[in-house]
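For reference, work-v4.cif is printed below; it contains mmCIF, C-alpha atoms and all ligand atoms.
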data_query
loop_
_atom_site.group_PDB
_atom_site.id
_atom_site.type_symbol
_atom_site.label_atom_id
_atom_site.label_comp_id
_atom_site.auth_asym_id
_atom_site.auth_seq_id
_atom_site.Cartn_x
_atom_site.Cartn_y
_atom_site.Cartn_z
ATOM 1 C CA MET A 1 9.512 -16.243 13.447
ATOM 2 C CA ILE A 2 10.774 -14.061 10.594
ATOM 3 C CA ARG A 3 12.872 -15.265 7.709
ATOM 4 C CA TYR A 4 14.954 -12.448 6.182
ATOM 5 C CA SER A 5 16.418 -12.437 2.686
ATOM 6 C CA GLU A 6 20.211 -12.075 2.663
ATOM 7 C CA GLU A 7 19.928 -8.613 1.179
ATOM 8 C CA VAL A 8 17.501 -7.370 3.850
ATOM 9 C CA LYS A 9 19.396 -9.016 6.711
ATOM 10 C CA SER A 10 22.593 -7.323 5.610
ATOM 11 C CA ALA A 11 20.960 -3.895 5.156
ATOM 12 C CA LEU A 12 19.229 -4.005 8.560
ATOM 13 C CA GLY A 13 22.445 -5.179 10.216
ATOM 14 C CA LYS A 14 24.305 -2.175 8.824
ATOM 15 C CA ASN A 15 21.469 0.253 9.605
ATOM 16 C CA GLN A 16 21.010 1.025 5.929
ATOM 17 C CA PRO A 17 17.688 2.318 4.550
ATOM 18 C CA VAL A 18 15.089 -0.396 3.884
ATOM 19 C CA VAL A 19 11.630 -0.059 2.283
ATOM 20 C CA ALA A 20 8.858 -2.574 2.945
ATOM 21 C CA LEU A 21 6.659 -3.587 -0.002
ATOM 22 C CA GLU A 22 3.321 -5.342 0.317
ATOM 23 C CA SER A 23 2.338 -8.459 -1.595
ATOM 24 C CA THR A 24 -1.472 -8.314 -1.864
ATOM 25 C CA ILE A 25 -0.974 -5.880 -4.702
ATOM 26 C CA ILE A 26 0.978 -8.670 -6.468
ATOM 27 C CA SER A 27 -1.428 -11.547 -5.711
ATOM 28 C CA HIS A 28 -4.807 -9.802 -5.702
ATOM 29 C CA GLY A 29 -4.227 -6.353 -7.217
ATOM 30 C CA LEU A 30 -2.568 -6.923 -10.591
ATOM 31 C CA PRO A 31 -3.225 -9.496 -13.333
ATOM 32 C CA ARG A 32 -0.741 -12.223 -14.294
ATOM 33 C CA PRO A 33 1.894 -12.138 -15.725
ATOM 34 C CA THR A 34 2.264 -8.360 -15.268
ATOM 35 C CA ASN A 35 2.177 -8.759 -11.479
ATOM 36 C CA MET A 36 5.513 -10.626 -11.322
ATOM 37 C CA GLU A 37 7.242 -8.226 -13.719
ATOM 38 C CA VAL A 38 6.041 -5.199 -11.764
ATOM 39 C CA ALA A 39 7.061 -6.731 -8.416
ATOM 40 C CA LYS A 40 10.606 -7.199 -9.729
ATOM 41 C CA GLU A 41 10.782 -3.751 -11.322
ATOM 42 C CA VAL A 42 9.568 -2.112 -8.135
ATOM 43 C CA GLU A 43 12.359 -3.768 -6.160
ATOM 44 C CA GLU A 44 14.870 -2.426 -8.705
ATOM 45 C CA ILE A 45 13.391 1.053 -8.354
ATOM 46 C CA VAL A 46 13.837 0.942 -4.575
ATOM 47 C CA ARG A 47 17.494 -0.045 -5.047
ATOM 48 C CA ALA A 48 18.055 2.672 -7.656
ATOM 49 C CA ASN A 49 16.733 5.239 -5.161
ATOM 50 C CA GLY A 50 19.112 4.275 -2.386
ATOM 51 C CA ALA A 51 17.299 1.670 -0.275
ATOM 52 C CA THR A 52 16.899 -2.090 0.026
ATOM 53 C CA PRO A 53 13.496 -3.569 -0.904
ATOM 54 C CA ALA A 54 11.798 -5.901 1.583
ATOM 55 C CA THR A 55 8.755 -7.487 -0.025
ATOM 56 C CA ILE A 56 6.700 -9.168 2.696
ATOM 57 C CA ALA A 57 4.558 -12.329 2.443
ATOM 58 C CA ILE A 58 3.891 -15.617 4.248
ATOM 59 C CA ILE A 59 4.987 -18.831 2.538
ATOM 60 C CA ASP A 60 4.070 -22.216 4.067
ATOM 61 C CA GLY A 61 3.606 -20.590 7.449
ATOM 62 C CA GLU A 62 6.873 -18.672 7.430
ATOM 63 C CA ILE A 63 6.919 -14.872 7.442
ATOM 64 C CA HIS A 64 9.319 -13.610 4.783
ATOM 65 C CA VAL A 65 10.831 -10.144 4.910
ATOM 66 C CA GLY A 66 12.523 -9.881 1.524
ATOM 67 C CA LEU A 67 11.154 -12.407 -0.964
ATOM 68 C CA GLU A 68 13.624 -14.445 -2.967
ATOM 69 C CA SER A 69 12.646 -15.205 -6.546
ATOM 70 C CA GLN A 70 11.024 -18.643 -6.016
ATOM 71 C CA PHE A 71 8.820 -17.216 -3.234
ATOM 72 C CA LEU A 72 7.875 -14.165 -5.276
ATOM 73 C CA ASP A 73 6.832 -16.622 -7.956
ATOM 74 C CA ARG A 74 4.502 -18.366 -5.470
ATOM 75 C CA VAL A 75 2.859 -15.060 -4.522
ATOM 76 C CA ALA A 76 2.442 -14.009 -8.147
ATOM 77 C CA ASN A 77 1.318 -17.310 -9.668
ATOM 78 C CA ASP A 78 -0.173 -19.606 -7.005
ATOM 79 C CA GLU A 79 -3.963 -19.350 -7.334
ATOM 80 C CA SER A 80 -4.507 -20.531 -3.764
ATOM 81 C CA ILE A 81 -2.533 -17.718 -2.150
ATOM 82 C CA LEU A 82 -4.613 -16.060 0.601
ATOM 83 C CA LYS A 83 -4.999 -12.379 1.438
ATOM 84 C CA ALA A 84 -3.802 -11.803 4.997
ATOM 85 C CA SER A 85 -4.642 -8.897 7.221
ATOM 86 C CA ILE A 86 -3.350 -8.602 10.789
ATOM 87 C CA ARG A 87 -5.993 -10.847 12.311
ATOM 88 C CA ASP A 88 -5.069 -13.676 9.915
ATOM 89 C CA LEU A 89 -1.383 -13.821 10.818
ATOM 90 C CA ALA A 90 -1.580 -16.255 13.739
ATOM 91 C CA THR A 91 -3.924 -18.658 11.961
ATOM 92 C CA ILE A 92 -1.980 -18.635 8.713
ATOM 93 C CA THR A 93 1.387 -19.223 10.351
ATOM 94 C CA ALA A 94 0.023 -21.946 12.694
ATOM 95 C CA LYS A 95 -1.633 -23.756 9.795
ATOM 96 C CA LYS A 96 1.482 -23.327 7.613
ATOM 97 C CA LEU A 97 -0.540 -21.637 4.874
ATOM 98 C CA SER A 98 0.660 -19.116 2.292
ATOM 99 C CA ALA A 99 -0.644 -15.580 2.032
ATOM 100 C CA ALA A 100 0.055 -12.189 0.609
ATOM 101 C CA THR A 101 -0.070 -9.355 3.147
ATOM 102 C CA THR A 102 -2.254 -6.239 2.985
ATOM 103 C CA VAL A 103 -1.120 -2.757 3.987
ATOM 104 C CA ALA A 104 -2.175 -3.507 7.577
ATOM 105 C CA ALA A 105 -0.388 -6.864 7.837
ATOM 106 C CA THR A 106 2.683 -5.586 5.975
ATOM 107 C CA SER A 107 2.979 -2.593 8.345
ATOM 108 C CA HIS A 108 2.675 -4.906 11.336
ATOM 109 C CA ILE A 109 5.443 -7.196 10.084
ATOM 110 C CA ALA A 110 7.637 -4.324 8.888
ATOM 111 C CA HIS A 111 7.503 -2.815 12.364
ATOM 112 C CA LEU A 112 8.412 -6.168 13.949
ATOM 113 C CA ALA A 113 11.388 -6.297 11.594
ATOM 114 C CA GLY A 114 12.493 -2.750 12.451
ATOM 115 C CA ILE A 115 11.491 -1.229 9.091
ATOM 116 C CA SER A 116 9.827 2.223 9.178
ATOM 117 C CA PHE A 117 9.150 3.019 5.523
ATOM 118 C CA PHE A 118 6.639 1.321 3.270
ATOM 119 C CA ALA A 119 5.307 1.869 -0.261
ATOM 120 C CA THR A 120 1.924 0.708 -1.558
ATOM 121 C CA GLY A 121 -0.492 1.700 -4.330
ATOM 122 C CA GLY A 122 -3.637 3.028 -2.690
ATOM 123 C CA LEU A 123 -4.720 2.751 0.935
ATOM 124 C CA GLY A 124 -7.742 0.766 2.009
ATOM 125 C CA GLY A 125 -10.400 2.803 3.785
ATOM 126 C CA VAL A 126 -14.106 3.220 4.369
ATOM 127 C CA HIS A 127 -16.115 1.513 1.628
ATOM 128 C CA ARG A 128 -19.075 3.163 -0.082
ATOM 129 C CA GLY A 129 -22.233 2.061 1.717
ATOM 130 C CA ALA A 130 -20.314 1.429 4.954
ATOM 131 C CA GLN A 131 -23.268 2.917 6.884
ATOM 132 C CA GLU A 132 -24.973 -0.395 6.129
ATOM 133 C CA THR A 133 -22.117 -2.862 5.687
ATOM 134 C CA TRP A 134 -19.620 -1.515 8.282
ATOM 135 C CA ASP A 135 -16.923 -2.343 5.713
ATOM 136 C CA GLU A 136 -13.868 -0.375 6.720
ATOM 137 C CA SER A 137 -10.329 -1.537 5.914
ATOM 138 C CA ALA A 138 -8.010 -2.580 8.742
ATOM 139 C CA ASP A 139 -5.467 -0.393 6.917
ATOM 140 C CA LEU A 140 -6.935 2.621 8.764
ATOM 141 C CA HIS A 141 -6.502 1.082 12.204
ATOM 142 C CA SER A 142 -3.001 -0.047 11.333
ATOM 143 C CA LEU A 143 -2.006 3.526 10.476
ATOM 144 C CA ALA A 144 -3.261 4.603 13.882
ATOM 145 C CA GLU A 145 -1.458 1.888 15.787
ATOM 146 C CA ILE A 146 1.760 1.075 13.942
ATOM 147 C CA PRO A 147 4.653 3.531 13.600
ATOM 148 C CA VAL A 148 5.326 3.021 9.902
ATOM 149 C CA LEU A 149 5.317 5.721 7.212
ATOM 150 C CA VAL A 150 3.209 4.628 4.241
ATOM 151 C CA VAL A 151 3.614 6.217 0.814
ATOM 152 C CA SER A 152 0.409 5.867 -1.219
ATOM 153 C CA ALA A 153 -1.498 7.597 -4.023
ATOM 154 C CA GLY A 154 -4.234 8.452 -1.525
ATOM 155 C CA ALA A 155 -7.061 6.053 -0.788
ATOM 156 C CA LYS A 156 -8.493 3.868 -3.531
ATOM 157 C CA SER A 157 -11.124 5.744 -5.523
ATOM 158 C CA ILE A 158 -13.533 2.810 -5.180
ATOM 159 C CA LEU A 159 -13.932 3.947 -1.543
ATOM 160 C CA ASP A 160 -15.866 6.650 0.281
ATOM 161 C CA VAL A 161 -12.927 9.060 0.324
ATOM 162 C CA ALA A 162 -14.612 11.711 2.481
ATOM 163 C CA ALA A 163 -15.371 9.144 5.207
ATOM 164 C CA THR A 164 -11.862 7.699 4.905
ATOM 165 C CA LEU A 165 -10.332 11.134 5.503
ATOM 166 C CA GLU A 166 -12.598 11.681 8.515
ATOM 167 C CA ARG A 167 -11.514 8.347 10.015
ATOM 168 C CA LEU A 168 -7.846 9.200 9.484
ATOM 169 C CA GLU A 169 -8.472 12.445 11.351
ATOM 170 C CA SER A 170 -10.263 10.657 14.229
ATOM 171 C CA PHE A 171 -7.348 8.225 14.458
ATOM 172 C CA SER A 172 -4.848 11.126 14.573
ATOM 173 C CA VAL A 173 -2.976 9.891 11.510
ATOM 174 C CA PRO A 174 -0.908 12.680 9.916
ATOM 175 C CA ILE A 175 -1.226 13.117 6.132
ATOM 176 C CA VAL A 176 1.273 15.067 4.072
ATOM 177 C CA GLY A 177 0.812 15.684 0.360
ATOM 178 C CA TYR A 178 3.929 15.253 -1.744
ATOM 179 C CA ARG A 179 4.105 18.352 -3.937
ATOM 180 C CA THR A 180 0.340 18.756 -3.711
ATOM 181 C CA ASN A 181 -2.302 20.448 -1.536
ATOM 182 C CA ARG A 182 -4.985 17.996 -2.621
ATOM 183 C CA PHE A 183 -5.599 14.454 -1.417
ATOM 184 C CA PRO A 184 -4.832 12.219 -4.417
ATOM 185 C CA GLY A 185 -7.509 9.869 -5.756
ATOM 186 C CA PHE A 186 -5.504 6.722 -6.631
ATOM 187 C CA TYR A 187 -6.376 6.406 -10.363
ATOM 188 C CA LEU A 188 -6.938 10.200 -10.354
ATOM 189 C CA SER A 189 -4.415 12.826 -9.216
ATOM 190 C CA ASP A 190 -7.012 14.683 -7.172
ATOM 191 C CA SER A 191 -9.808 13.109 -5.129
ATOM 192 C CA GLY A 192 -11.562 16.468 -4.742
ATOM 193 C CA PHE A 193 -10.466 16.990 -1.115
ATOM 194 C CA ASP A 194 -7.966 19.466 0.309
ATOM 195 C CA LEU A 195 -4.941 18.564 2.372
ATOM 196 C CA GLU A 196 -3.694 20.840 5.124
ATOM 197 C CA TYR A 197 -0.012 20.106 4.651
ATOM 198 C CA ARG A 198 2.371 19.487 1.823
ATOM 199 C CA ALA A 199 6.084 18.744 1.555
ATOM 200 C CA ASP A 200 8.181 19.337 -1.515
ATOM 201 C CA SER A 201 11.134 17.042 -0.871
ATOM 202 C CA ALA A 202 11.946 13.667 0.651
ATOM 203 C CA ALA A 203 14.191 15.460 3.151
ATOM 204 C CA GLU A 204 11.298 17.579 4.365
ATOM 205 C CA ILE A 205 9.190 14.451 4.899
ATOM 206 C CA ALA A 206 12.038 12.806 6.814
ATOM 207 C CA GLU A 207 12.156 15.900 9.084
ATOM 208 C CA ILE A 208 8.438 15.612 9.800
ATOM 209 C CA TRP A 209 8.794 11.901 10.519
ATOM 210 C CA ARG A 210 11.595 12.694 12.959
ATOM 211 C CA ALA A 211 9.692 15.575 14.626
ATOM 212 C CA ARG A 212 7.093 13.062 15.875
ATOM 213 C CA LYS A 213 9.664 12.138 18.531
ATOM 214 C CA MET A 214 9.824 15.687 19.841
ATOM 215 C CA VAL A 215 6.048 15.856 20.301
ATOM 216 C CA ALA A 216 5.621 12.254 21.444
ATOM 217 C CA THR A 217 3.329 11.108 18.636
ATOM 218 C CA THR A 218 5.486 8.155 17.667
ATOM 219 C CA LYS A 219 2.861 5.512 18.333
ATOM 220 C CA SER A 220 1.033 6.035 15.054
ATOM 221 C CA GLY A 221 2.111 5.910 11.446
ATOM 222 C CA MET A 222 1.889 8.600 8.806
ATOM 223 C CA VAL A 223 0.546 8.859 5.267
ATOM 224 C CA VAL A 224 2.558 10.457 2.484
ATOM 225 C CA ALA A 225 0.113 11.089 -0.348
ATOM 226 C CA ASN A 226 1.801 11.023 -3.749
ATOM 227 C CA PRO A 227 -0.472 11.868 -6.697
ATOM 228 C CA VAL A 228 -0.170 9.947 -9.950
ATOM 229 C CA LYS A 229 1.262 12.145 -12.722
ATOM 230 C CA ASN A 230 -0.625 10.725 -15.701
ATOM 231 C CA GLN A 231 -4.067 10.056 -14.299
ATOM 232 C CA MET A 232 -6.815 7.916 -15.803
ATOM 233 C CA ASP A 233 -9.343 9.553 -18.098
ATOM 234 C CA LYS A 234 -11.914 11.005 -15.695
ATOM 235 C CA ALA A 235 -15.011 10.033 -17.648
ATOM 236 C CA LEU A 236 -13.741 6.474 -18.139
ATOM 237 C CA HIS A 237 -12.969 6.313 -14.411
ATOM 238 C CA GLU A 238 -16.467 7.428 -13.392
ATOM 239 C CA LYS A 239 -18.202 5.104 -15.847
ATOM 240 C CA THR A 240 -16.112 2.078 -14.822
ATOM 241 C CA LEU A 241 -16.581 2.842 -11.129
ATOM 242 C CA GLN A 242 -20.372 2.988 -11.389
ATOM 243 C CA GLU A 243 -20.503 -0.185 -13.487
ATOM 244 C CA GLY A 244 -18.064 -1.993 -11.209
ATOM 245 C CA LEU A 245 -19.988 -1.091 -8.049
ATOM 246 C CA ALA A 246 -23.225 -2.294 -9.674
ATOM 247 C CA ALA A 247 -21.551 -5.533 -10.790
ATOM 248 C CA SER A 248 -20.181 -6.181 -7.290
ATOM 249 C CA HIS A 249 -23.637 -5.680 -5.736
ATOM 250 C CA LYS A 250 -25.208 -7.939 -8.324
ATOM 251 C CA ALA A 251 -22.624 -10.667 -7.691
ATOM 252 C CA GLY A 252 -23.060 -10.300 -3.918
ATOM 253 C CA ILE A 253 -19.349 -9.625 -3.312
ATOM 254 C CA LYS A 254 -18.585 -9.044 0.388
ATOM 255 C CA GLY A 255 -15.779 -8.569 2.894
ATOM 256 C CA LYS A 256 -12.179 -8.948 1.794
ATOM 257 C CA ALA A 257 -13.214 -9.898 -1.769
ATOM 258 C CA VAL A 258 -14.647 -6.422 -2.497
ATOM 259 C CA THR A 259 -11.363 -4.603 -3.193
ATOM 260 C CA PRO A 260 -9.837 -7.324 -5.441
ATOM 261 C CA PHE A 261 -13.149 -7.598 -7.327
ATOM 262 C CA LEU A 262 -13.338 -3.880 -8.084
ATOM 263 C CA LEU A 263 -9.653 -3.580 -9.049
ATOM 264 C CA GLU A 264 -10.059 -6.552 -11.382
ATOM 265 C CA TYR A 265 -13.204 -4.964 -12.831
ATOM 266 C CA PHE A 266 -11.211 -1.844 -13.675
ATOM 267 C CA HIS A 267 -8.360 -3.856 -15.204
ATOM 268 C CA SER A 268 -10.769 -5.839 -17.412
ATOM 269 C CA ASN A 269 -12.872 -2.892 -18.543
ATOM 270 C CA THR A 270 -10.563 0.036 -19.236
ATOM 271 C CA ASN A 271 -8.455 -1.288 -22.103
ATOM 272 C CA GLY A 272 -5.299 -1.330 -20.003
ATOM 273 C CA GLU A 273 -5.748 2.233 -18.696
ATOM 274 C CA SER A 274 -6.265 1.321 -15.024
ATOM 275 C CA LEU A 275 -3.379 -1.138 -15.203
ATOM 276 C CA ARG A 276 -1.064 1.492 -16.696
ATOM 277 C CA VAL A 277 -2.000 3.939 -13.946
ATOM 278 C CA ASN A 278 -1.772 1.366 -11.146
ATOM 279 C CA ILE A 279 1.731 0.383 -12.270
ATOM 280 C CA GLU A 280 2.833 4.022 -12.462
ATOM 281 C CA ILE A 281 1.491 4.586 -8.944
ATOM 282 C CA ILE A 282 3.380 1.666 -7.421
ATOM 283 C CA LYS A 283 6.619 2.625 -9.131
ATOM 284 C CA GLU A 284 6.443 6.301 -8.169
ATOM 285 C CA ASN A 285 5.510 5.491 -4.578
ATOM 286 C CA SER A 286 8.356 3.012 -4.238
ATOM 287 C CA ALA A 287 10.857 5.548 -5.546
ATOM 288 C CA LEU A 288 9.618 8.189 -3.108
ATOM 289 C CA ALA A 289 9.596 5.790 -0.134
ATOM 290 C CA ALA A 290 13.206 4.861 -0.914
ATOM 291 C CA GLN A 291 14.188 8.546 -1.121
ATOM 292 C CA ILE A 292 12.513 9.210 2.248
ATOM 293 C CA ALA A 293 14.235 6.198 3.840
ATOM 294 C CA ALA A 294 17.570 7.433 2.480
ATOM 295 C CA ALA A 295 16.894 10.992 3.689
ATOM 296 C CA ASP A 296 16.022 9.656 7.151
ATOM 297 C CA SER A 297 19.228 7.680 7.222
ATOM 298 C CA ASN A 298 21.178 10.841 6.304
ATOM 299 C CA LEU A 299 19.604 12.643 9.261
ATOM 300 C CA ASN A 300 20.820 9.855 11.529
ATOM 301 C CA ASN A 301 24.413 10.066 10.274
HETATM 302 N N1 LIG A 401 -3.052 -0.800 -3.576
HETATM 303 C C1 LIG A 401 -3.149 -1.230 -4.858
HETATM 304 N N2 LIG A 401 -3.625 -2.496 -5.074
HETATM 305 C C2 LIG A 401 -4.016 -3.318 -4.037
HETATM 306 C C3 LIG A 401 -3.926 -2.851 -2.687
HETATM 307 C C4 LIG A 401 -3.430 -1.582 -2.509
HETATM 308 O O1 LIG A 401 -2.791 -0.501 -5.795
HETATM 309 O O2 LIG A 401 -4.429 -4.459 -4.282
HETATM 310 C C5 LIG A 401 -4.338 -3.771 -1.540
HETATM 311 C C6 LIG A 401 -3.545 -3.460 -0.277
HETATM 312 O O3 LIG A 401 -2.958 -4.662 0.174
HETATM 313 C C7 LIG A 401 -4.584 -2.975 0.717
HETATM 314 C C8 LIG A 401 -5.777 -3.775 0.302
HETATM 315 O O4 LIG A 401 -4.212 -3.178 2.053
HETATM 316 O O5 LIG A 401 -5.718 -3.643 -1.132
HETATM 317 C C9 LIG A 401 -7.060 -3.258 0.936
HETATM 318 O O6 LIG A 401 -7.979 -4.302 1.049
HETATM 319 P P1 LIG A 401 -9.268 -4.129 1.982
HETATM 320 O O7 LIG A 401 -10.044 -3.010 1.353
HETATM 321 O O8 LIG A 401 -9.985 -5.459 1.904
HETATM 322 O O9 LIG A 401 -8.773 -3.822 3.360
HETATM 323 MN MN MN A 402 -13.182 -4.831 4.163
#
Is it possible to give me this structure as structure tokens?
Amino acid sequence: MIRYSEEVKSALGKNQPVVALESTIISHGLPRPTNMEVAKEVEEIVRANGATPATIAIIDGEIHVGLESQFLDRVANDESILKASIRDLATITAKKLSAATTVAATSHIAHLAGISFFATGGLGGVHRGAQETWDESADLHSLAEIPVLVVSAGAKSILDVAATLERLESFSVPIVGYRTNRFPGFYLSDSGFDLEYRADSAAEIAEIWRARKMVATTKSGMVVANPVKNQMDKALHEKTLQEGLAASHKAGIKGKAVTPFLLEYFHSNTNGESLRVNIEIIKENSALAAQIAAADSNLNN
């Protein structure tokens, strides 16, 4: 079912640290041609920090763990590429379609492949107005049900962050701040909410990940929340958010199109600021995920 790149196959075979990377961020989260450049740079960053990158996507019905260049090109440049969450996997593979994978679908596939560490930009969560729309990302459920550690810059600031944190608590998903006591706000370093726990090194996070075995909480995943260092201008963020939400209502955007619409709105209306921050987030998270994977592997040896 899974097609591994040579690099990933070799690393998994030798029990070396591997970091999963999602592809929706490439297809639906970043504009062309920056998306392809960033995807390649992020893989380099994972290697430079001691792990092997495994970018995950579905091409012509085949699940790829580790995307060779021609497939990465499809994800970055093919307009018809779909956005796959977990429920889409069977249909997309049976119909031999091509899709980028969200946090939820990437975690699912990473776990199937025996990969425990994963870097993304910002988590999906409870959308604003969810009391009416019931729009809540499958990312939350995946964290509850799949034992994969996800490094993110918090939940996307387009969301209802308070509700997202409550859901993560209900689902018993642990959250650890990396060198912070505040839950990060994706484009902003601080979402305005406290975190109970922090860790100041990758080794400390690897210890926490391991301790789940001792207390038998290994069924769920874990969030490592890594705040962006050079956040977006706060006033610009607030203005763009309000305008973007209004524009999405006006255009009647619904379901899985909401997140890509709002991210694109930011990228088109902040003079490159949101793009700069989003790229920084992905790079920093990938570096940290690789360091955690390497630290975990050290504990094993
Ligand atoms: N982080 C980013 N950009 C993105 C995403 C995350 O910096 O585009 C993607 C992830 O794939 C995540 C998805 O799973 O957005 C959430 O979509 P939804 O809200 O429809 O579940
Ligand atoms: Mn949704």
Ala119 in chain A surroundings by all atoms listed in the file, 7 Å radius, close-in-sequence under 2 positions cut, as an mmCIF file with C-alpha atoms, in the coordinates of the input:
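New file part.cif:
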data_model
loop_
_atom_site.group_PDB
_atom_site.id
_atom_site.type_symbol
_atom_site.label_atom_id
_atom_site.label_comp_id
_atom_site.auth_asym_id
_atom_site.auth_seq_id
_atom_site.Cartn_x
_atom_site.Cartn_y
_atom_site.Cartn_z
ATOM 1 C CA ALA A 20 8.858 -2.574 2.945
ATOM 2 C CA LEU A 21 6.659 -3.587 -0.002
ATOM 3 C CA VAL A 150 3.209 4.628 4.241
ATOM 4 C CA VAL A 151 3.614 6.217 0.814
ATOM 5 C CA SER A 152 0.409 5.867 -1.219
ATOM 6 C CA ASN A 285 5.510 5.491 -4.578
ATOM 7 C CA SER A 286 8.356 3.012 -4.238
ATOM 8 C CA ALA A 289 9.596 5.790 -0.134
#
Which residues of range 189-290 of chain A have any atom within 12 Å of an atom in range 84-106 of chain A when counting only C-alpha atoms, and what is the closest pair of atoms for each, with the distance in Å to one decimal? Order the rows by chain and rising number and write it as a Markdown table.
| residue | atom | partner | partner_atom | distance |
| --- | --- | --- | --- | --- |
| A:Gly221 | CA | A:Ala104 | CA | 11.0 |
| A:Val223 | CA | A:Val103 | CA | 11.8 |
| A:Gly255 | CA | A:Ser85 | CA | 12.0 |
| A:Lys256 | CA | A:Ser85 | CA | 9.3 |
| A:Ala257 | CA | A:Ala84 | CA | 11.7 |
| A:Thr259 | CA | A:Thr102 | CA | 11.1 |
| A:Pro260 | CA | A:Thr102 | CA | 11.4 |
Distance criterion (all atoms listed in the file): nearest to ligand MN 402 (chain A) out of A:Asp60, A:Asp233, A:Asp73, A:Asp135:
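With all atoms listed in the file as the atom set, the closest residue is A:Asp135.
When only C-alpha atoms are used to compute distances to Ser23 in chain A, the closest of the residues A:Leu245, A:Val8, A:Ala57, A:Ile2 turns out to be A:Ala57.
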Mind pulling up the distance from CA of Gly177 in chain A to CA of Glu44 in chain A?
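Separating CA of Glu44 in chain A from CA of Gly177 in chain A is a distance of 24.7 Å.
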What are the closest atom pairs, with distances in Å to one decimal, for all residues of range 182-263 of chain A lying within 12 Å of range 267-282 of chain A? Consider only C-alpha atoms, order rows by chain and residue number, and present the result as a Markdown table.
| residue | atom | partner | partner_atom | distance |
| --- | --- | --- | --- | --- |
| A:Pro184 | CA | A:Ile281 | CA | 10.9 |
| A:Gly185 | CA | A:Ile281 | CA | 10.9 |
| A:Phe186 | CA | A:Ile281 | CA | 7.7 |
| A:Tyr187 | CA | A:Val277 | CA | 6.2 |
| A:Leu188 | CA | A:Val277 | CA | 8.7 |
| A:Ser189 | CA | A:Ile281 | CA | 10.1 |
| A:Ala225 | CA | A:Ile281 | CA | 10.9 |
| A:Asn226 | CA | A:Ile281 | CA | 8.3 |
| A:Pro227 | CA | A:Ile281 | CA | 7.9 |
| A:Val228 | CA | A:Ile281 | CA | 5.7 |
| A:Lys229 | CA | A:Glu280 | CA | 8.3 |
| A:Asn230 | CA | A:Val277 | CA | 7.1 |
| A:Gln231 | CA | A:Val277 | CA | 6.5 |
| A:Met232 | CA | A:Glu273 | CA | 6.5 |
| A:Asp233 | CA | A:Glu273 | CA | 8.2 |
| A:Lys234 | CA | A:Glu273 | CA | 11.1 |
| A:Ala235 | CA | A:Thr270 | CA | 11.1 |
| A:Leu236 | CA | A:Thr270 | CA | 7.3 |
| A:His237 | CA | A:Thr270 | CA | 8.3 |
| A:Glu238 | CA | A:Thr270 | CA | 11.1 |
| A:Lys239 | CA | A:Thr270 | CA | 9.8 |
| A:Thr240 | CA | A:Asn269 | CA | 7.0 |
| A:Leu241 | CA | A:Asn269 | CA | 10.1 |
| A:Gln242 | CA | A:Asn269 | CA | 11.9 |
| A:Glu243 | CA | A:Asn269 | CA | 9.5 |
| A:Gly244 | CA | A:Asn269 | CA | 9.0 |
| A:Ala247 | CA | A:Asn269 | CA | 11.9 |
| A:Pro260 | CA | A:His267 | CA | 10.5 |
| A:Phe261 | CA | A:His267 | CA | 9.9 |
| A:Leu262 | CA | A:His267 | CA | 8.7 |
| A:Leu263 | CA | A:His267 | CA | 6.3 |
Next, the residues of the selection above should be written as a short mmCIF file (atom, residue, chain, number, x, y, z; two decimals), keeping the file's coordinate frame with C-alpha atoms.
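Output contents, as saved in out_14.cif:
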data_model
loop_
_atom_site.label_atom_id
_atom_site.label_comp_id
_atom_site.auth_asym_id
_atom_site.auth_seq_id
_atom_site.Cartn_x
_atom_site.Cartn_y
_atom_site.Cartn_z
CA PRO A 184 -4.83 12.22 -4.42
CA GLY A 185 -7.51 9.87 -5.76
CA PHE A 186 -5.50 6.72 -6.63
CA TYR A 187 -6.38 6.41 -10.36
CA LEU A 188 -6.94 10.20 -10.35
CA SER A 189 -4.42 12.83 -9.22
CA ALA A 225 0.11 11.09 -0.35
CA ASN A 226 1.80 11.02 -3.75
CA PRO A 227 -0.47 11.87 -6.70
CA VAL A 228 -0.17 9.95 -9.95
CA LYS A 229 1.26 12.14 -12.72
CA ASN A 230 -0.62 10.72 -15.70
CA GLN A 231 -4.07 10.06 -14.30
CA MET A 232 -6.82 7.92 -15.80
CA ASP A 233 -9.34 9.55 -18.10
CA LYS A 234 -11.91 11.00 -15.70
CA ALA A 235 -15.01 10.03 -17.65
CA LEU A 236 -13.74 6.47 -18.14
CA HIS A 237 -12.97 6.31 -14.41
CA GLU A 238 -16.47 7.43 -13.39
CA LYS A 239 -18.20 5.10 -15.85
CA THR A 240 -16.11 2.08 -14.82
CA LEU A 241 -16.58 2.84 -11.13
CA GLN A 242 -20.37 2.99 -11.39
CA GLU A 243 -20.50 -0.18 -13.49
CA GLY A 244 -18.06 -1.99 -11.21
CA ALA A 247 -21.55 -5.53 -10.79
CA PRO A 260 -9.84 -7.32 -5.44
CA PHE A 261 -13.15 -7.60 -7.33
CA LEU A 262 -13.34 -3.88 -8.08
CA LEU A 263 -9.65 -3.58 -9.05
#
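Here the PyMOL selection byres (((chain A and resi 167) around 10) and not hetatm) catches exactly these residues: Gly125, Val126, Glu136, Leu140, His141, Ala144, Val161, Ala162, Ala163, Thr164, Leu165, Glu166, Leu168, Glu169, Ser170, Phe171, Ser172 and Val173 of chain A.
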List the residues matched by the PyMOL selection byres (((chain A and resi 176) around 7) and not hetatm) in the displayed structure as a compact mmCIF listing (two decimals) with C-alpha atoms, in the coordinates of the input, ordered by chain and then by residue number.
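expr31.txt was written with the following content:
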# COMPACT_ATOMS: atom_id res chain seq x y z
CA PRO A 174 -0.91 12.68 9.92
CA ILE A 175 -1.23 13.12 6.13
CA GLY A 177 0.81 15.68 0.36
CA TYR A 178 3.93 15.25 -1.74
CA TYR A 197 -0.01 20.11 4.65
CA ARG A 198 2.37 19.49 1.82
CA ALA A 199 6.08 18.74 1.56
CA VAL A 223 0.55 8.86 5.27
CA VAL A 224 2.56 10.46 2.48
CA ALA A 225 0.11 11.09 -0.35
